[in-house]
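Colleague: My questions all concern the structure below.
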Amino acid sequence: MNQKRKWMIPLGMWMVFETVAVVLWLTKNNLFYLLNFSYIGTAIALGLFLFQMNYKHARRIVQLLVGLYMLIYLGFICQENMQIEGFWYYLFTGVFEAATIHYAVAKIIGPLLFGRGWCGYACWTAMVLDFLPYKTPKKPRKKIGFIRYITFAASLIFVAVLFLCHVGHIEKIMFWAFVIGNVLYYGIGIILAFAFKDNRAFCKYICPITIFLKPMSYFSLIRIKCDKEKCVSCGKCKQVCPMDVDVTDNSRKRKNGTECILCMECVKECPKKAL
Ligand code: SF4
Ligand code: SF4
Ligand code: SF4
């Protein structure tokens with residue numbers, strides 16, 4: 001890879017985040033947005049640069065830098081509920097702040113550009129699950145993806161009931177919902193990973209956020225494509241894919257196409273540099 005490209009890709013991504021940072025800072029008149037999105041953009045740009053330098057833990061570094069920042073600083077210290085309940089909460093209050101902006105950037109509009117990059121590089125749930133031993137699924141995929149609709153509906157009903165019943169101290173409830181929600185996500189995620197021998201089982205079957213992520217990432221500008229001229233159909237890319245994506249099929253309708261988390265394991269594994 002030429003030297004120019006090594007810098008251009010991280011720089012391009014950094015500029016996207018910096019644009020978001022500056023626009024939100026100026027329109028919301030809040031310095032937090034400048035610092036927040038600058039930090040996240042810089043962490044992602046650093047990871048992309050390390051990846052291009054063939055550093056094998058590049059993705060994990062970004063995941064820890066962004067995931068820990070969001071979980072500990074934004075979640076526990078600033079007490080912002082960045083889980084899906086927080087999104088509903090701000091949506092119901094009609095305030096375009098915190099979780100609503102986070103969802104718009106990372107999970108609704110952003111995936112049109114970078115697909116499910118959030119899932120590969122920033123999610124604090126997957127940050128922990130990716131430490132577990134089943135990096136590639138050891139069992140076939142189950143047909144229980146409908147559970148994500150139940151968790152999605154449950155989160156919406158939970159917040160709607162709080163509003164409809166005019167429950168007091170709702171901000172405190174949202175903070176505790178964040179704490180308890182995370183404990184549940186980690187607990188269920190770890191149990192499922194061991195039961196299904198698949199670190200990403202929680203992502204595949206339970207996570208309510210995929211209701212936003214999957215349809216938006218279908219149209220993603222950034223996606224892994226296969227150069228059919230180079231590919232020798234060895235199948236190594238599919239063996240290492242944590243999300244069971246049929247990555248050699250270039251169509252947008254490819255099997256599990258909206259599951260790709262851009263982890264680049266297939267790219268690293270391909271002996272012909274066809275991806
Ligand atoms: S599917 Fe859900 S839990 Fe998994 S990485 Fe994406 S947002 Fe996180
Ligand atoms: S291995 Fe390739 S196809 Fe599979 S999730 Fe990672 S980047 Fe996407
Ligand atoms: S690893 Fe490379 S050569 Fe082998 S099937 Fe995948 S894209 Fe083709």
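Residues in the structure tokens are numbered from 1 in each chain, the chains being A, B, ... in the order shown, and ligands are numbered from 1 in the order shown.
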Given a cut-off of 9 Å, what residues near ligand 1 show up using only C-alpha atoms and all ligand atoms, put as a ChimeraX atom specification?
Modeller: /A:107,116-127,129,185,189,200-210,213,259,261
Colleague: Could you name the residues that touch Cys237 of chain A at 7 Å or less, counting only C-alpha atoms, but leaving out those on the same chain fewer than 6 positions away, as a count of residues only?
Modeller: 3
Colleague: Set the distance at 7 Å and use only C-alpha atoms: which residues neighbour Val245 of chain A once local chain neighbours fewer than 3 positions away are removed? I'd like the list as a PDB file with N, CA and C atoms, in the first residue's frame.
Modeller:
```
ATOM      1  N   LYS A 238     -14.274 -16.754   4.855  1.00  0.00           N
ATOM      2  CA  LYS A 238     -15.531 -17.091   5.536  1.00  0.00           C
ATOM      3  C   LYS A 238     -15.268 -17.866   6.826  1.00  0.00           C
ATOM      4  N   CYS A 241     -14.690 -15.248   9.593  1.00  0.00           N
ATOM      5  CA  CYS A 241     -15.683 -14.187   9.811  1.00  0.00           C
ATOM      6  C   CYS A 241     -16.506 -14.448  11.075  1.00  0.00           C
ATOM      7  N   LYS A 255     -25.552 -13.086   1.795  1.00  0.00           N
ATOM      8  CA  LYS A 255     -25.993 -13.707   3.053  1.00  0.00           C
ATOM      9  C   LYS A 255     -25.338 -13.005   4.255  1.00  0.00           C
ATOM     10  N   ASN A 256     -26.149 -12.585   5.180  1.00  0.00           N
ATOM     11  CA  ASN A 256     -25.704 -11.880   6.381  1.00  0.00           C
ATOM     12  C   ASN A 256     -24.910 -10.602   6.069  1.00  0.00           C
ATOM     13  N   GLY A 257     -25.204 -10.014   4.924  1.00  0.00           N
ATOM     14  CA  GLY A 257     -24.482  -8.801   4.512  1.00  0.00           C
ATOM     15  C   GLY A 257     -24.621  -7.660   5.518  1.00  0.00           C
ATOM     16  N   GLU A 259     -24.721  -7.846   8.575  1.00  0.00           N
ATOM     17  CA  GLU A 259     -24.092  -8.215   9.849  1.00  0.00           C
ATOM     18  C   GLU A 259     -22.615  -7.820   9.880  1.00  0.00           C
ATOM     19  N   CYS A 260     -22.075  -7.427   8.727  1.00  0.00           N
ATOM     20  CA  CYS A 260     -20.627  -7.153   8.672  1.00  0.00           C
ATOM     21  C   CYS A 260     -20.258  -6.017   9.621  1.00  0.00           C
TER      22      CYS A 260
END
```
Colleague: Could I get the residue neighbourhood of ligand 3 at 6 Å, counting only C-alpha atoms and all ligand atoms, as an MDAnalysis selection string?
Modeller: chainID A and resid 226 231:237 248 270:272 274:275
Colleague: Within 10 Å of segment 70-82 of chain A, which residues of segment 177-210 of chain A come that close, and what is the closest atom pair and distance in Å for each? Count only C-alpha atoms and give it as JSON lines.
Modeller:
```
{"residue": "A:Ala177", "atom": "CA", "partner": "A:Asn81", "partner_atom": "CA", "distance": 7.8}
{"residue": "A:Phe178", "atom": "CA", "partner": "A:Asn81", "partner_atom": "CA", "distance": 5.5}
{"residue": "A:Val179", "atom": "CA", "partner": "A:Phe76", "partner_atom": "CA", "distance": 8.1}
{"residue": "A:Gly181", "atom": "CA", "partner": "A:Asn81", "partner_atom": "CA", "distance": 9.9}
{"residue": "A:Asn182", "atom": "CA", "partner": "A:Leu71", "partner_atom": "CA", "distance": 9.2}
```
Colleague: Find, counting only C-alpha atoms and all ligand atoms, the residue in A:Gly110, A:Pro10, A:Gly115, A:Gly168 that gets nearest to ligand 2.
Modeller: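 Under the stated criterion, the closest residue is A:Gly115.
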Colleague: Between atom CA of Tyr186 of chain A and atom CA of Val128 of chain A, what is the spacing in Å?
Modeller: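 So the answer is 7.7 Å.
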Colleague: Please identify which residues in segment 13-113 of chain A DSSP calls helix (DSSP H, G or I) from the backbone, and express them as a PyMOL selection string.
Modeller: chain A and resi 13-28+31-52+58-77+84-93+98-109+111-113
Colleague: Counting only C-alpha atoms, figure out which residue out of A:Val95, A:Val247, A:Leu184, A:Ile109 gets nearest to Val20 of chain A.
Modeller: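 Checking each of A:Val95, A:Val247, A:Leu184, A:Ile109 against Val20 of chain A, counting only C-alpha atoms, the winner is A:Ile109.
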Colleague: Considering only C-alpha atoms, return as a count of residues only whatever protein or nucleic-acid residues lie within 7 Å of segment 132-135 of chain A, sequence-local ones (same chain, fewer than 2 positions apart) excluded.
Modeller: 7
